[in-house]
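All remarks here apply to the structure that follows.
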Amino acid sequence: MSPHSSAASQTLPRPPSILLDLYGLSVTPEEHPSIFDPSRETALPGPRSPEAVRRPYVTLTFAQSLDAKIAGAGGKQLALSGKESLVMTHWMRTLHDAILIGIGTALNDNPQLNTRHLPPLPAGYPHGYRLPRPIVLDTHLRLSPDCKLLKNYQAGRGRRPWIICASQNVADTETFAQRAAALRQAGARIVELSVDQSSGLIAIPDLLAALRESGVRSLMVEGGARVIRSFLSAAQRSADAGTQKAVDALVVTVAPTLVGSAGVGYGMELHADALPTFQHVRTETFGPDAVTALKVV
């Protein structure tokens, strides 16, 4: 029986409807967007307009408390997502070419950024779930060569991580070169980009353009707080300037808990009247959590 026959397709687990609706995708006997089949071109979220061809389709996603905190004091990891919404997030990962986090999240959480919580595929099924490429925004190359992302790649359980760093404003070039060599030896690809001279940070439009040139068509951005603010600020500036958007979709998981004033939020320095306009697509509960999907219009 063909792995794409009707009977086989009906037995395959499927992404939640909230994600299929957000991205305009469907599961058919001929195509399953979460399954990687090298013989087929899978439809994934991608450019929707001529100007967007210069960058990936971007989904910004994160989990927050009722008081809009995404981490504990000092960026400490919080287990905000319940099991059900965590599985939803792993489904979302299968629908993107790459997943991006900042160095703060990488150091605090040591994440794997894979799809290990998805239900198993049928015994004997010839394909697996799509794995996004992990990308870490790490201006000064602070990522450890012993992190789980690189260990998984070395063990054949994950894709090669890309580390996005600054090509300028590095105080100690010798130390920087040593860090780069250690990360390359561990398997990482180092991508150097110029930084904004005023902020010392890599500009989001430059980052997105470089990723699109490297073949990334869709990007899932998971945080942390500084990266979320950077993308929302870029979306805010692009809305002001009438340039191409920096964010296409927003998926927020709200956990029924309060963190308090010591927690880390993401909304500071963002002005509501300058943010892009979001259109509500769907809200669903996953276990105790509420997940809202929106798209930028």
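Identifiers for the structure tokens are assigned positionally: chains receive A, B, ... in sequence, residues are indexed from 1 per chain, and ligands are indexed from 1 in the order shown.
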Legend entry - Exercise: stretch 202-205 of chain A partners within 10 Å, only C-alpha atoms, chain neighbours under 4 positions left out, as an MDAnalysis selection string: chainID A and resid 54:55 137:139 164:167 192:197 209:211 227 230:235 238 244:246
Legend entry - Spatial neighbours of A:Pro45, 7 Å, only C-alpha atoms, chain gap at least 3 places, as a list of chain:residue names: A:Tyr23, A:Tyr57, A:Ser218
Residues just named, written with N, CA and C atoms as a PDB file, in the first residue's frame:
```
ATOM      1  N   TYR A  23      -2.769  28.615   8.734  1.00  0.00           N
ATOM      2  CA  TYR A  23      -1.860  28.581   7.597  1.00  0.00           C
ATOM      3  C   TYR A  23      -2.541  28.196   6.287  1.00  0.00           C
ATOM      4  N   TYR A  57       8.267  33.519   5.678  1.00  0.00           N
ATOM      5  CA  TYR A  57       7.018  33.679   6.421  1.00  0.00           C
ATOM      6  C   TYR A  57       7.360  33.500   7.901  1.00  0.00           C
ATOM      7  N   SER A 218      10.046  29.488   5.789  1.00  0.00           N
ATOM      8  CA  SER A 218       9.141  29.748   6.902  1.00  0.00           C
ATOM      9  C   SER A 218       9.919  29.625   8.201  1.00  0.00           C
TER      10      SER A 218
END
```
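Nearest-residue note for A:Ala63: choosing from A:Val251, A:Gly263, A:Gly75, A:Ser144, the minimum distance belongs to A:Val251, counting only C-alpha atoms.
Using only C-alpha atoms, the smallest distance between any of A:Ala123, A:Ile163, A:Cys147, A:Leu60 and A:Met92 comes from A:Leu60.
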For A:Asn110, work out the shell of residues within 8 Å, counting only C-alpha atoms and skipping chain neighbours fewer than 3 positions away, then give it as a short mmCIF file (atom, residue, chain, number, x, y, z; two decimals) with C-alpha atoms, in the first residue's frame.
```cif
data_model
loop_
_atom_site.label_atom_id
_atom_site.label_comp_id
_atom_site.auth_asym_id
_atom_site.auth_seq_id
_atom_site.Cartn_x
_atom_site.Cartn_y
_atom_site.Cartn_z
CA THR A 105 16.64 31.17 25.97
CA ALA A 106 19.37 28.86 24.70
CA LEU A 107 21.46 29.34 27.84
CA CYS A 147 24.37 22.15 24.33
CA LYS A 148 21.58 19.70 23.51
CA LEU A 149 21.09 21.17 20.02
#
```
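Note that the spacing between atom CA of A:Asp67 and atom CA of A:Thr292 amounts to 15.8 Å.
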Inset, instruction - Within stretch 29-253 of chain A, find each residue whose DSSP state, derived from the backbone, is strand (DSSP E), and express the selection as a PyMOL selection string. - result: chain A and resi 35-36+57-64+98-102+128-129+133-137+162-166+189-193+218-223+249-253
Legend entry - Residue neighbourhood A:Ala98, 6 Å, only C-alpha atoms, exclusion window fewer than 2 positions, as a ChimeraX atom specification: /A:96,132-134,219
Export N, CA and C atoms of the chosen residues as an mmCIF file, in the first residue's frame?
```
data_model
loop_
_atom_site.group_PDB
_atom_site.id
_atom_site.type_symbol
_atom_site.label_atom_id
_atom_site.label_comp_id
_atom_site.auth_asym_id
_atom_site.auth_seq_id
_atom_site.Cartn_x
_atom_site.Cartn_y
_atom_site.Cartn_z
ATOM 1 N N HIS A 96 7.220 24.440 9.793
ATOM 2 C CA HIS A 96 8.170 25.503 9.480
ATOM 3 C C HIS A 96 9.520 24.909 9.099
ATOM 4 N N PRO A 132 12.331 21.072 12.089
ATOM 5 C CA PRO A 132 12.815 22.407 11.728
ATOM 6 C C PRO A 132 14.298 22.544 12.036
ATOM 7 N N ARG A 133 14.958 23.407 11.283
ATOM 8 C CA ARG A 133 16.368 23.677 11.576
ATOM 9 C C ARG A 133 16.451 24.633 12.760
ATOM 10 N N PRO A 134 17.217 24.293 13.788
ATOM 11 C CA PRO A 134 17.366 25.215 14.922
ATOM 12 C C PRO A 134 18.318 26.357 14.586
ATOM 13 N N LEU A 219 9.677 30.572 9.101
ATOM 14 C CA LEU A 219 10.446 30.672 10.337
ATOM 15 C C LEU A 219 9.497 30.785 11.521
#
```
So that I can check the surroundings of stretch 159-162 of chain A, please list as an mmCIF file with all heavy atoms, in the first residue's frame every protein, DNA and RNA residue that reaches within 8 Å of it, counting only C-alpha atoms and ignoring chain neighbours fewer than 2 positions away.
```cif
data_model
loop_
_atom_site.group_PDB
_atom_site.id
_atom_site.type_symbol
_atom_site.label_atom_id
_atom_site.label_comp_id
_atom_site.auth_asym_id
_atom_site.auth_seq_id
_atom_site.Cartn_x
_atom_site.Cartn_y
_atom_site.Cartn_z
ATOM 1 N N LEU A 131 11.440 18.039 10.691
ATOM 2 C CA LEU A 131 12.201 18.651 11.766
ATOM 3 C C LEU A 131 12.650 20.046 11.328
ATOM 4 O O LEU A 131 13.288 20.193 10.284
ATOM 5 C CB LEU A 131 13.430 17.817 12.118
ATOM 6 C CG LEU A 131 13.234 16.601 13.019
ATOM 7 C CD1 LEU A 131 14.562 15.860 13.179
ATOM 8 C CD2 LEU A 131 12.698 17.009 14.376
ATOM 9 N N PRO A 132 12.331 21.072 12.089
ATOM 10 C CA PRO A 132 12.815 22.407 11.728
ATOM 11 C C PRO A 132 14.298 22.544 12.036
ATOM 12 O O PRO A 132 14.828 21.868 12.920
ATOM 13 C CB PRO A 132 11.983 23.329 12.632
ATOM 14 C CG PRO A 132 11.716 22.495 13.847
ATOM 15 C CD PRO A 132 11.558 21.079 13.344
ATOM 16 N N ARG A 133 14.958 23.407 11.283
ATOM 17 C CA ARG A 133 16.368 23.677 11.576
ATOM 18 C C ARG A 133 16.451 24.633 12.760
ATOM 19 O O ARG A 133 15.842 25.704 12.752
ATOM 20 C CB ARG A 133 17.068 24.304 10.373
ATOM 21 C CG ARG A 133 18.558 24.575 10.650
ATOM 22 C CD ARG A 133 19.272 25.139 9.461
ATOM 23 N NE ARG A 133 19.172 24.279 8.300
ATOM 24 C CZ ARG A 133 19.862 23.152 8.109
ATOM 25 N NH1 ARG A 133 20.695 22.730 9.053
ATOM 26 N NH2 ARG A 133 19.708 22.451 7.009
ATOM 27 N N PRO A 134 17.217 24.293 13.788
ATOM 28 C CA PRO A 134 17.366 25.215 14.922
ATOM 29 C C PRO A 134 18.318 26.357 14.586
ATOM 30 O O PRO A 134 19.400 26.136 14.031
ATOM 31 C CB PRO A 134 17.929 24.323 16.028
ATOM 32 C CG PRO A 134 18.600 23.188 15.323
ATOM 33 C CD PRO A 134 17.883 22.999 14.022
ATOM 34 N N ILE A 135 17.906 27.565 14.926
ATOM 35 C CA ILE A 135 18.719 28.758 14.696
ATOM 36 C C ILE A 135 18.788 29.537 16.000
ATOM 37 O O ILE A 135 17.755 29.793 16.635
ATOM 38 C CB ILE A 135 18.125 29.635 13.580
ATOM 39 C CG1 ILE A 135 18.048 28.850 12.262
ATOM 40 C CG2 ILE A 135 18.942 30.910 13.401
ATOM 41 C CD1 ILE A 135 17.353 29.601 11.144
ATOM 42 N N VAL A 136 19.995 29.905 16.405
ATOM 43 C CA VAL A 136 20.187 30.662 17.648
ATOM 44 C C VAL A 136 20.762 32.026 17.301
ATOM 45 O O VAL A 136 21.792 32.127 16.623
ATOM 46 C CB VAL A 136 21.132 29.925 18.613
ATOM 47 C CG1 VAL A 136 21.299 30.738 19.909
ATOM 48 C CG2 VAL A 136 20.601 28.530 18.935
ATOM 49 N N LEU A 149 21.283 21.019 21.470
ATOM 50 C CA LEU A 149 21.093 21.169 20.025
ATOM 51 C C LEU A 149 22.238 20.523 19.256
ATOM 52 O O LEU A 149 22.021 19.809 18.268
ATOM 53 C CB LEU A 149 20.991 22.653 19.658
ATOM 54 C CG LEU A 149 19.746 23.409 20.130
ATOM 55 C CD1 LEU A 149 19.868 24.882 19.788
ATOM 56 C CD2 LEU A 149 18.486 22.808 19.520
ATOM 57 N N LEU A 150 23.456 20.757 19.706
ATOM 58 C CA LEU A 150 24.618 20.191 19.022
ATOM 59 C C LEU A 150 24.783 18.713 19.347
ATOM 60 O O LEU A 150 25.177 17.924 18.481
ATOM 61 C CB LEU A 150 25.869 20.978 19.390
ATOM 62 C CG LEU A 150 25.945 22.359 18.717
ATOM 63 C CD1 LEU A 150 26.985 23.240 19.384
ATOM 64 C CD2 LEU A 150 26.221 22.223 17.226
ATOM 65 N N ASN A 152 22.376 16.596 19.901
ATOM 66 C CA ASN A 152 21.382 15.887 19.079
ATOM 67 C C ASN A 152 21.836 15.786 17.627
ATOM 68 O O ASN A 152 21.643 14.749 16.976
ATOM 69 C CB ASN A 152 20.033 16.590 19.162
ATOM 70 C CG ASN A 152 19.308 16.323 20.469
ATOM 71 O OD1 ASN A 152 19.693 15.435 21.233
ATOM 72 N ND2 ASN A 152 18.262 17.076 20.726
ATOM 73 N N TYR A 153 22.429 16.863 17.110
ATOM 74 C CA TYR A 153 22.927 16.827 15.741
ATOM 75 C C TYR A 153 24.039 15.794 15.597
ATOM 76 O O TYR A 153 24.065 15.007 14.641
ATOM 77 C CB TYR A 153 23.422 18.212 15.331
ATOM 78 C CG TYR A 153 24.121 18.225 13.991
ATOM 79 C CD1 TYR A 153 23.434 17.911 12.816
ATOM 80 C CD2 TYR A 153 25.480 18.532 13.896
ATOM 81 C CE1 TYR A 153 24.074 17.906 11.586
ATOM 82 C CE2 TYR A 153 26.118 18.540 12.670
ATOM 83 C CZ TYR A 153 25.419 18.225 11.522
ATOM 84 O OH TYR A 153 26.058 18.213 10.309
ATOM 85 N N GLY A 156 22.734 12.341 15.336
ATOM 86 C CA GLY A 156 21.825 12.054 14.231
ATOM 87 C C GLY A 156 20.362 12.196 14.580
ATOM 88 O O GLY A 156 19.494 11.693 13.863
ATOM 89 N N ARG A 157 20.056 12.930 15.673
ATOM 90 C CA ARG A 157 18.674 13.095 16.107
ATOM 91 C C ARG A 157 18.137 14.501 15.836
ATOM 92 O O ARG A 157 17.025 14.828 16.265
ATOM 93 C CB ARG A 157 18.547 12.789 17.603
ATOM 94 C CG ARG A 157 18.857 11.351 17.978
ATOM 95 C CD ARG A 157 18.434 11.082 19.418
ATOM 96 N NE ARG A 157 19.123 11.964 20.346
ATOM 97 C CZ ARG A 157 20.269 11.664 20.965
ATOM 98 N NH1 ARG A 157 20.851 10.487 20.731
ATOM 99 N NH2 ARG A 157 20.835 12.516 21.804
ATOM 100 N N ILE A 164 23.642 32.569 14.509
ATOM 101 C CA ILE A 164 23.722 33.886 13.892
ATOM 102 C C ILE A 164 24.457 34.817 14.844
ATOM 103 O O ILE A 164 24.013 35.047 15.975
ATOM 104 C CB ILE A 164 22.317 34.455 13.594
ATOM 105 C CG1 ILE A 164 21.455 33.415 12.869
ATOM 106 C CG2 ILE A 164 22.429 35.739 12.791
ATOM 107 C CD1 ILE A 164 21.940 33.017 11.509
ATOM 108 N N GLY A 187 29.844 21.081 15.243
ATOM 109 C CA GLY A 187 28.883 20.847 14.173
ATOM 110 C C GLY A 187 28.062 22.039 13.758
ATOM 111 O O GLY A 187 27.289 21.960 12.804
ATOM 112 N N ALA A 188 28.196 23.167 14.437
ATOM 113 C CA ALA A 188 27.372 24.330 14.125
ATOM 114 C C ALA A 188 27.830 25.019 12.851
ATOM 115 O O ALA A 188 29.013 24.990 12.492
ATOM 116 C CB ALA A 188 27.410 25.327 15.274
ATOM 117 N N ARG A 189 26.884 25.630 12.167
ATOM 118 C CA ARG A 189 27.207 26.550 11.077
ATOM 119 C C ARG A 189 27.147 27.964 11.643
ATOM 120 O O ARG A 189 26.147 28.349 12.263
ATOM 121 C CB ARG A 189 26.212 26.418 9.924
ATOM 122 C CG ARG A 189 26.458 27.431 8.805
ATOM 123 C CD ARG A 189 25.330 27.468 7.785
ATOM 124 N NE ARG A 189 25.554 28.528 6.813
ATOM 125 C CZ ARG A 189 24.629 28.972 5.957
ATOM 126 N NH1 ARG A 189 23.426 28.431 5.950
ATOM 127 N NH2 ARG A 189 24.920 29.944 5.113
ATOM 128 N N ILE A 190 28.207 28.727 11.468
ATOM 129 C CA ILE A 190 28.279 30.102 11.964
ATOM 130 C C ILE A 190 27.934 31.048 10.819
ATOM 131 O O ILE A 190 28.556 30.998 9.752
ATOM 132 C CB ILE A 190 29.672 30.442 12.519
ATOM 133 C CG1 ILE A 190 30.112 29.410 13.559
ATOM 134 C CG2 ILE A 190 29.678 31.842 13.105
ATOM 135 C CD1 ILE A 190 29.263 29.349 14.777
ATOM 136 N N VAL A 191 26.952 31.908 11.048
ATOM 137 C CA VAL A 191 26.542 32.904 10.060
ATOM 138 C C VAL A 191 26.787 34.279 10.654
ATOM 139 O O VAL A 191 26.194 34.641 11.674
ATOM 140 C CB VAL A 191 25.061 32.742 9.677
ATOM 141 C CG1 VAL A 191 24.659 33.802 8.657
ATOM 142 C CG2 VAL A 191 24.790 31.346 9.154
#
```
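The coordinates place atom CA of A:Gln185 at 14.9 Å from atom CA of A:Arg142.
Using only C-alpha atoms, the protein and nucleic acid residues lying no more than 10 Å from stretch 13-16 of chain A, apart from those fewer than 4 places from it along its own chain, are Ser9, Leu20, Asp21, Leu25, Ser26, Val27, His32, Pro33, Ser34, Ile35, Val87, Met88, Thr89, His90, Trp91, Met92, Thr94, Leu95, Leu118, Pro119, Pro120, Leu121, Pro122, Glu284 and Phe286 of chain A.
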Taking N, CA, C and O atoms for each residue, export the selection above as a short mmCIF file (atom, residue, chain, number, x, y, z; two decimals), in the first residue's frame.
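New file selection-v4.cif:
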```
data_model
loop_
_atom_site.label_atom_id
_atom_site.label_comp_id
_atom_site.auth_asym_id
_atom_site.auth_seq_id
_atom_site.Cartn_x
_atom_site.Cartn_y
_atom_site.Cartn_z
N SER A 9 -3.28 7.42 4.98
CA SER A 9 -3.41 8.80 5.43
C SER A 9 -4.36 8.90 6.61
O SER A 9 -4.12 9.68 7.54
N LEU A 20 -4.00 24.38 11.03
CA LEU A 20 -4.39 24.22 9.63
C LEU A 20 -5.18 25.43 9.15
O LEU A 20 -4.97 25.92 8.03
N ASP A 21 -6.05 25.96 10.01
CA ASP A 21 -6.83 27.15 9.64
C ASP A 21 -5.93 28.38 9.52
O ASP A 21 -6.08 29.18 8.59
N LEU A 25 -3.72 25.25 5.43
CA LEU A 25 -3.21 23.95 5.03
C LEU A 25 -4.28 22.88 5.23
O LEU A 25 -5.27 23.09 5.93
N SER A 26 -4.07 21.74 4.63
CA SER A 26 -4.99 20.62 4.79
C SER A 26 -4.21 19.31 4.77
O SER A 26 -3.07 19.26 4.29
N VAL A 27 -4.83 18.28 5.30
CA VAL A 27 -4.26 16.94 5.26
C VAL A 27 -5.09 16.12 4.30
O VAL A 27 -6.30 15.99 4.44
N HIS A 32 0.59 15.45 3.45
CA HIS A 32 0.49 15.70 4.89
C HIS A 32 1.56 16.72 5.23
O HIS A 32 2.76 16.43 5.14
N PRO A 33 1.19 17.94 5.63
CA PRO A 33 2.19 19.00 5.78
C PRO A 33 3.22 18.76 6.88
O PRO A 33 4.28 19.39 6.87
N SER A 34 2.94 17.87 7.83
CA SER A 34 3.87 17.63 8.93
C SER A 34 4.83 16.49 8.67
O SER A 34 5.74 16.25 9.47
N ILE A 35 4.65 15.78 7.55
CA ILE A 35 5.48 14.62 7.23
C ILE A 35 6.56 15.01 6.23
O ILE A 35 6.27 15.68 5.24
N VAL A 87 2.25 19.87 22.98
CA VAL A 87 2.12 19.03 21.78
C VAL A 87 1.70 19.90 20.59
O VAL A 87 2.22 19.74 19.48
N MET A 88 0.78 20.85 20.81
CA MET A 88 0.39 21.76 19.74
C MET A 88 1.58 22.53 19.21
O MET A 88 1.76 22.70 17.99
N THR A 89 2.45 22.99 20.12
CA THR A 89 3.65 23.72 19.70
C THR A 89 4.57 22.84 18.87
O THR A 89 5.16 23.29 17.88
N HIS A 90 4.68 21.58 19.24
CA HIS A 90 5.53 20.67 18.46
C HIS A 90 4.93 20.41 17.08
O HIS A 90 5.67 20.26 16.10
N TRP A 91 3.61 20.37 16.98
CA TRP A 91 2.98 20.29 15.65
C TRP A 91 3.34 21.54 14.83
O TRP A 91 3.63 21.45 13.64
N MET A 92 3.29 22.70 15.47
CA MET A 92 3.62 23.93 14.76
C MET A 92 5.04 23.89 14.22
O MET A 92 5.33 24.40 13.13
N THR A 94 6.62 21.39 13.05
CA THR A 94 6.69 20.59 11.81
C THR A 94 6.25 21.39 10.59
O THR A 94 6.50 20.97 9.46
N LEU A 95 5.60 22.52 10.80
CA LEU A 95 5.06 23.31 9.70
C LEU A 95 5.98 24.47 9.30
O LEU A 95 5.57 25.35 8.55
N LEU A 118 5.33 14.56 19.82
CA LEU A 118 4.24 14.20 18.91
C LEU A 118 3.91 12.71 19.01
O LEU A 118 4.77 11.89 19.36
N PRO A 119 2.67 12.34 18.70
CA PRO A 119 2.31 10.91 18.76
C PRO A 119 3.11 10.10 17.75
O PRO A 119 3.47 10.62 16.68
N PRO A 120 3.40 8.84 18.05
CA PRO A 120 4.20 8.03 17.12
C PRO A 120 3.45 7.77 15.82
O PRO A 120 2.22 7.68 15.80
N LEU A 121 4.21 7.68 14.74
CA LEU A 121 3.63 7.32 13.45
C LEU A 121 3.42 5.80 13.39
O LEU A 121 4.03 5.05 14.17
N PRO A 122 2.57 5.31 12.50
CA PRO A 122 2.29 3.87 12.43
C PRO A 122 3.56 3.05 12.20
O PRO A 122 4.49 3.50 11.52
N GLU A 284 -8.60 28.26 20.89
CA GLU A 284 -8.97 26.93 21.36
C GLU A 284 -8.32 26.67 22.71
O GLU A 284 -7.30 27.26 23.04
N PHE A 286 -6.38 23.95 25.01
CA PHE A 286 -5.59 22.73 24.99
C PHE A 286 -5.28 22.39 26.44
O PHE A 286 -4.41 23.02 27.05
#
```
Inset, instruction - Have a look at atom CA of A:Pro256 and atom CA of A:Glu84 and let me know their distance in Å, one decimal. - result: 13.6 Å
Legend entry - Residues of stretch 9-235 of chain A in alpha helix (DSSP H), written as JSON, numbers by chain: {"A": [9, 10, 17, 18, 19, 20, 21, 22, 23, 83, 84, 85, 86, 87, 88, 89, 90, 91, 92, 93, 94, 103, 104, 105, 106, 107, 108, 109, 148, 149, 150, 151, 152, 153, 154, 173, 174, 175, 176, 177, 178, 179, 180, 181, 182, 183, 184, 185, 186, 204, 205, 206, 207, 208, 209, 210, 211, 212, 213, 225, 226, 227, 228, 229, 230, 231, 232, 233, 234, 235]}
